[in-house]
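I have placed the structure first, in the form of structure tokens, so that the comments after it can refer back to it.
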Amino acid sequence: MDIATLLGIIVAFGLVIFAIGSGISSFIDPPSLMIVVGGTVGVLLVGYPLKNALGVIGVALKTFMYKVDTGADVIAKLVELAQTVRKDGILALESEVKNIDNAFMAKGLQMAIDGQEPNVIEEILYMEMDKIAERHSRGADMFTSLGTYAPSMGMIGTLVGLVLMLQNMSDPSSIGPSMSIALLTTFYGALIANILCLPMAGKLKTRSKEELLIHEIILVGIQSLVVGENPRIMEQKLLGYLPPKERKSSFE
Amino acid sequence: MDIATLLGIIVAFGLVIFAIGSGISSFIDPPSLMIVVGGTVGVLLVGYPLKNALGVIGVALKTFMYKVDTGADVIAKLVELAQTVRKDGILALESEVKNIDNAFMAKGLQMAIDGQEPNVIEEILYMEMDKIAERHSRGADMFTSLGTYAPSMGMIGTLVGLVLMLQNMSDPSSIGPSMSIALLTTFYGALIANILCLPMAGKLKTRSKEELLIHEIILVGIQSLVVGENPRIMEQKLLGYLPPKERKSSFE
Amino acid sequence: MDIATLLGIIVAFGLVIFAIGSGISSFIDPPSLMIVVGGTVGVLLVGYPLKNALGVIGVALKTFMYKVDTGADVIAKLVELAQTVRKDGILALESEVKNIDNAFMAKGLQMAIDGQEPNVIEEILYMEMDKIAERHSRGADMFTSLGTYAPSMGMIGTLVGLVLMLQNMSDPSSIGPSMSIALLTTFYGALIANILCLPMAGKLKTRSKEELLIHEIILVGIQSLVVGENPRIMEQKLLGYLPPKERKSSFE
Amino acid sequence: MDIATLLGIIVAFGLVIFAIGSGISSFIDPPSLMIVVGGTVGVLLVGYPLKNALGVIGVALKTFMYKVDTGADVIAKLVELAQTVRKDGILALESEVKNIDNAFMAKGLQMAIDGQEPNVIEEILYMEMDKIAERHSRGADMFTSLGTYAPSMGMIGTLVGLVLMLQNMSDPSSIGPSMSIALLTTFYGALIANILCLPMAGKLKTRSKEELLIHEIILVGIQSLVVGENPRIMEQKLLGYLPPKERKSSFE
Amino acid sequence: MDIATLLGIIVAFGLVIFAIGSGISSFIDPPSLMIVVGGTVGVLLVGYPLKNALGVIGVALKTFMYKVDTGADVIAKLVELAQTVRKDGILALESEVKNIDNAFMAKGLQMAIDGQEPNVIEEILYMEMDKIAERHSRGADMFTSLGTYAPSMGMIGTLVGLVLMLQNMSDPSSIGPSMSIALLTTFYGALIANILCLPMAGKLKTRSKEELLIHEIILVGIQSLVVGENPRIMEQKLLGYLPPKERKSSFE
């Protein structure tokens, strides 16, 4: 559970509501909200295939809950497996592989157990890693797009409001409120883009990089394991992927 | 048929029209529409060779209807072909190749049947894939360009309107309506760019990536087929290109 | 002759003039025009070496007239040459080479006739292709730069006009016209950038890509020719560079 | 200690305060400050994992104090070590390695002393260098993000202020001050982004490049040292990494 | 001496001053100038290490005077040297090398005379070329940064002016002049960025590319010279780096 996403949204929206204060009722205008939110959804359908567009909620939820193994745990596991291989041979992993949660690691180990060539294992895992990264970056891209669609719809709404207002300027006292309503769509677009969509795209990118790093560690670890490299050398290599203070050797 | 494109356009435009409400007549100004649409077409002719510019309608239609084979079907087909090759030799594909819709796959198989060297087949297919990707990205580029030309023409129209209005401020009551007409070109430019051109460019890019993925699968599949790789290993490799939940083995 | 460039400029400017209508005289302000055009030229001199800046007119003309061989013609020629080589040997090209307009093809063939090593020919042609692409992209870059300089000068002019106007607000009736003159430089900058410079940069880029493709075809064709590849295989390779509907075999 | 960062901030803020002059009190509005600063922090939590977001202060401090070895010192040290190796063999470094501050150099030398293969040392150091660069660029990215979040929150605050003001225009004399308060959030956002976050992101990038250069020098130096290259040739190679006027040979 | 830089600045500033006309005194406001220029310098110190920031004047001067050897001269020299080597051996260059101004060429030749291996020479020169390019692009980057800092400081100054003005709207006749002073910082920022910094960054980039091209020619020439390639073939290769009309053979 990524508490920071929820906390950040609450803080940012809370401060905006606090700034609005008692005038909150004049900031809620359902038609304006509908043009921005509905229009953004419409544009999303134009811009992405239906399947991806429908998955946007699922992608959004990933920014709230998203479990990534830590690099340290993955390295410790790989070193442990390497020691098992050293002692009892590669087939001894057969019983271990069922208990491994990480699907990527399980797939690599299964291929090793099945006796596939090291370069075939590398090729398949590398390609899979590449495709996972592509799928993740598509989710982040979609949120970046939403972050440009929403302010655009906001601007279109404001232009509609301005034109309507300018057509009817006979009553000067209505100009202020009309203008204020016209500005609301810009306001909604800015909130949706800058507090939700763009930072969520950022988090998806960071998450994707973290997961990619874990996959790189697993890929290098399994290569090392398949050729029967010394577990100490393997660990030394893999720890280099972590920031210095997260490095912890299993041999101390 | 990509229903999402049509649906999205209807939703987004529908909401804008709904927001305008009964004032719709004041939003229709043929000269303003002509300067934005006509000007954008003019700029398109300056920016792209005539042949490409004339093809823009055809490219636009691609965002409405565009059939891409699914990865799963292509893999199943390739595995089936690989089994045929294993049983009856590569020449047994001769009768199959006529029934294959996908031109890229047919070309690759025909070269394999003709007994061309694996590396020649790879080189030719790879280059062809590359050129297809280039042609597709040109279509998406053209829509991205249209998405910048339209608001520019809108801004130019608004500047014309503003200058005309400012020259003639003797009648204060005409300022509002003049200004509103000046804003209409900006409004048209924003609609064309943000609801049509830019998201359509996005869809073309996504479509192109999907097709590229299918081509990659076919390329790797044919390489595997030509060297007579085990169909199971080939399938395992190819399924890695798909997201986990779309993977379905033909061997189960 | 690229009629589209001229046509597009006429259409876009024509529509702007049509929108202005009878008020055209108030849109012509020589000092404003001078600050935008002259200033843009000045900034071009700051931003580019004198030699390149002076060549800007020549580059602009390229967007109006620019002859590129079509891919189909180049491939047909290369296949014809390959057949000659097959029949009469490489030296038989000696008499042909004089009739070849394309300087790049002529250079490659001359090296082949001179008996240079295939890898030397490839290296020299590849490098030359690279440098041609660099020179072309410099032309496009220059127009992209002009497309940012012109609106900047327009904005500077408008700021000058605004400051002058604000200093002297005693006569309210002069505010409108003063403001309208201040806006003219922005208007000129927008016209120059959005109707001329930026789309012309786009056309130069497309042209450069087309020429690069032709050079790639020639490079691959000459490589094939030098090693005496079968003309049919050579043609099959080269046709892959063209979109399917432009492919036409010389052997049918 | 990077005195320039502190000095620059003092100069830039000092000049802004000087420009404000005696009206300083009207520029301090705690609620506006809270919406911009607090909102930016909130958005940072949405956009980055909690761990990174909490580290932002630490990253900021790096722009004030950040010690990088100079290239000249590192080269002199490496040449000295190479001479020791030439004279007394690689094991003679054992006593030296403890006195080396630079963790990257110490790690490389330790692996050399441990007798690891040159290509393994290269691979491990190269990967480590890569990961360090990635971690640093993440810090710079975070400040670039802050530099876009802050003005966005400023704009949202200004929109809130404008809407409130427009709703209540009955008292004309209050419009000016209301508008001025509305502008304050934009002002705060601009200060935070343009004087603090964006230039600090720039400094972090430059620092990272400097450190990367030092790491490259160390990597090439250790490679040279492990294969026992002549110290003079090694120095000649390494000095090429420095600008000409910083090159100083140890042999003169 | 790059006369174009100076000429361009004079033209652009001259036209701006001409447009201002007799109202020039109202465009000179020392406090506004100080906030923009001083603030930009302050932000430069935040964004770049002190050493680089202090070198900014030196980098600026490079856009006025910057001598690059022409490609044709460098090629003629290299061909001449190659002929000397052919006749009298590589050691015959010893006496020539002292008269060579270009430090990069001199270094390469000296290594050739010293009998270093061709691949070592290539590696050292290639790396040096790379580092020179990096140092140059840092100078261009710094001017691009200045080109974004200056308008930001201008906008901050304008916001200060606007807030002060809005706080004190009791005297309507002072609004115009106050507003005009507020706009001056934006005006200064636009001048500094668009007439000086950004185009100067452009010129630095072009200069850097020209020098890189010369270095590439020298690198390829020295490689050719070290392996004793035929001077005619060497010349043919090198002339490919130049645009067709600058190619002049030494053998005709």
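Chains: A, B, ... in order of the structure tokens. Residues: from 1 per chain. Ligands: from 1, in order shown.
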
Review point. What are the residues of chain E that have an atom within 7 Å of an atom of chain D, counting only C-alpha atoms, as an MDAnalysis selection string?
Key: chainID E and resid 31 35 38:39 42:43 45:50 124 128 131 152 156 159:160 163 166:167 169

Neighbours of Ala103 in chain B within 12 Å (only C-alpha atoms; same-chain residues fewer than 2 positions away dropped), as a PDB file with N, CA and C atoms, in the first residue's frame?
```
ATOM      1  N   ASP B  69      -4.254  -8.062 -36.214  1.00  0.00           N
ATOM      2  CA  ASP B  69      -4.354  -9.418 -35.683  1.00  0.00           C
ATOM      3  C   ASP B  69      -3.982  -9.381 -34.213  1.00  0.00           C
ATOM      4  N   VAL B  97       0.407 -21.003 -47.375  1.00  0.00           N
ATOM      5  CA  VAL B  97       0.778 -19.593 -47.471  1.00  0.00           C
ATOM      6  C   VAL B  97      -0.283 -18.751 -48.184  1.00  0.00           C
ATOM      7  N   LYS B  98      -1.064 -19.411 -49.050  1.00  0.00           N
ATOM      8  CA  LYS B  98      -2.097 -18.654 -49.779  1.00  0.00           C
ATOM      9  C   LYS B  98      -3.234 -18.202 -48.871  1.00  0.00           C
ATOM     10  N   ASN B  99      -3.439 -18.962 -47.796  1.00  0.00           N
ATOM     11  CA  ASN B  99      -4.565 -18.639 -46.912  1.00  0.00           C
ATOM     12  C   ASN B  99      -4.197 -17.635 -45.819  1.00  0.00           C
ATOM     13  N   ILE B 100      -2.981 -17.147 -45.865  1.00  0.00           N
ATOM     14  CA  ILE B 100      -2.555 -16.245 -44.794  1.00  0.00           C
ATOM     15  C   ILE B 100      -2.850 -14.805 -45.185  1.00  0.00           C
ATOM     16  N   ASP B 101      -3.653 -14.141 -44.361  1.00  0.00           N
ATOM     17  CA  ASP B 101      -4.057 -12.763 -44.656  1.00  0.00           C
ATOM     18  C   ASP B 101      -2.913 -11.777 -44.443  1.00  0.00           C
ATOM     19  N   MET B 105       3.568 -11.809 -42.788  1.00  0.00           N
ATOM     20  CA  MET B 105       3.833 -13.215 -42.509  1.00  0.00           C
ATOM     21  C   MET B 105       3.950 -13.998 -43.813  1.00  0.00           C
ATOM     22  N   ALA B 106       3.070 -13.697 -44.753  1.00  0.00           N
ATOM     23  CA  ALA B 106       3.090 -14.412 -46.030  1.00  0.00           C
ATOM     24  C   ALA B 106       4.433 -14.207 -46.738  1.00  0.00           C
ATOM     25  N   LYS B 107       4.909 -12.958 -46.726  1.00  0.00           N
ATOM     26  CA  LYS B 107       6.182 -12.672 -47.388  1.00  0.00           C
ATOM     27  C   LYS B 107       7.324 -13.466 -46.752  1.00  0.00           C
ATOM     28  N   GLY B 108       7.353 -13.483 -45.418  1.00  0.00           N
ATOM     29  CA  GLY B 108       8.402 -14.206 -44.710  1.00  0.00           C
ATOM     30  C   GLY B 108       8.358 -15.689 -45.019  1.00  0.00           C
ATOM     31  N   LEU B 109       7.144 -16.262 -44.988  1.00  0.00           N
ATOM     32  CA  LEU B 109       7.024 -17.699 -45.254  1.00  0.00           C
ATOM     33  C   LEU B 109       7.422 -18.022 -46.692  1.00  0.00           C
ATOM     34  N   GLN B 110       7.010 -17.176 -47.619  1.00  0.00           N
ATOM     35  CA  GLN B 110       7.338 -17.434 -49.019  1.00  0.00           C
ATOM     36  C   GLN B 110       8.851 -17.484 -49.210  1.00  0.00           C
ATOM     37  N   LEU B 125      13.059  -8.962 -43.761  1.00  0.00           N
ATOM     38  CA  LEU B 125      11.880  -8.701 -42.917  1.00  0.00           C
ATOM     39  C   LEU B 125      12.132  -7.561 -41.948  1.00  0.00           C
ATOM     40  N   GLU B 128      11.911  -4.336 -43.746  1.00  0.00           N
ATOM     41  CA  GLU B 128      10.524  -4.032 -44.109  1.00  0.00           C
ATOM     42  C   GLU B 128       9.736  -3.544 -42.883  1.00  0.00           C
ATOM     43  N   MET B 129       9.960  -4.211 -41.742  1.00  0.00           N
ATOM     44  CA  MET B 129       9.299  -3.818 -40.491  1.00  0.00           C
ATOM     45  C   MET B 129       9.651  -2.369 -40.148  1.00  0.00           C
ATOM     46  N   ILE B 132       7.832   0.009 -42.483  1.00  0.00           N
ATOM     47  CA  ILE B 132       6.406   0.110 -42.142  1.00  0.00           C
ATOM     48  C   ILE B 132       6.250   1.042 -40.932  1.00  0.00           C
ATOM     49  N   ILE B 214       3.243  -7.182 -33.336  1.00  0.00           N
ATOM     50  CA  ILE B 214       2.826  -8.347 -34.128  1.00  0.00           C
ATOM     51  C   ILE B 214       3.925  -8.710 -35.130  1.00  0.00           C
ATOM     52  N   HIS B 215       4.504  -7.694 -35.740  1.00  0.00           N
ATOM     53  CA  HIS B 215       5.569  -7.953 -36.708  1.00  0.00           C
ATOM     54  C   HIS B 215       6.795  -8.554 -36.040  1.00  0.00           C
ATOM     55  N   ILE B 218       6.068 -12.160 -35.503  1.00  0.00           N
ATOM     56  CA  ILE B 218       6.148 -12.911 -36.756  1.00  0.00           C
ATOM     57  C   ILE B 218       7.606 -13.101 -37.161  1.00  0.00           C
TER      58      ILE B 218
ATOM     59  N   PRO C 244       3.892  -0.801 -50.114  1.00  0.00           N
ATOM     60  CA  PRO C 244       3.448  -1.890 -50.984  1.00  0.00           C
ATOM     61  C   PRO C 244       2.916  -1.437 -52.338  1.00  0.00           C
TER      62      PRO C 244
END
```

Point to revise | Sel. of alpha helix (DSSP H) residues, range 2-76 of chain B, as a count of residues only | key: 54
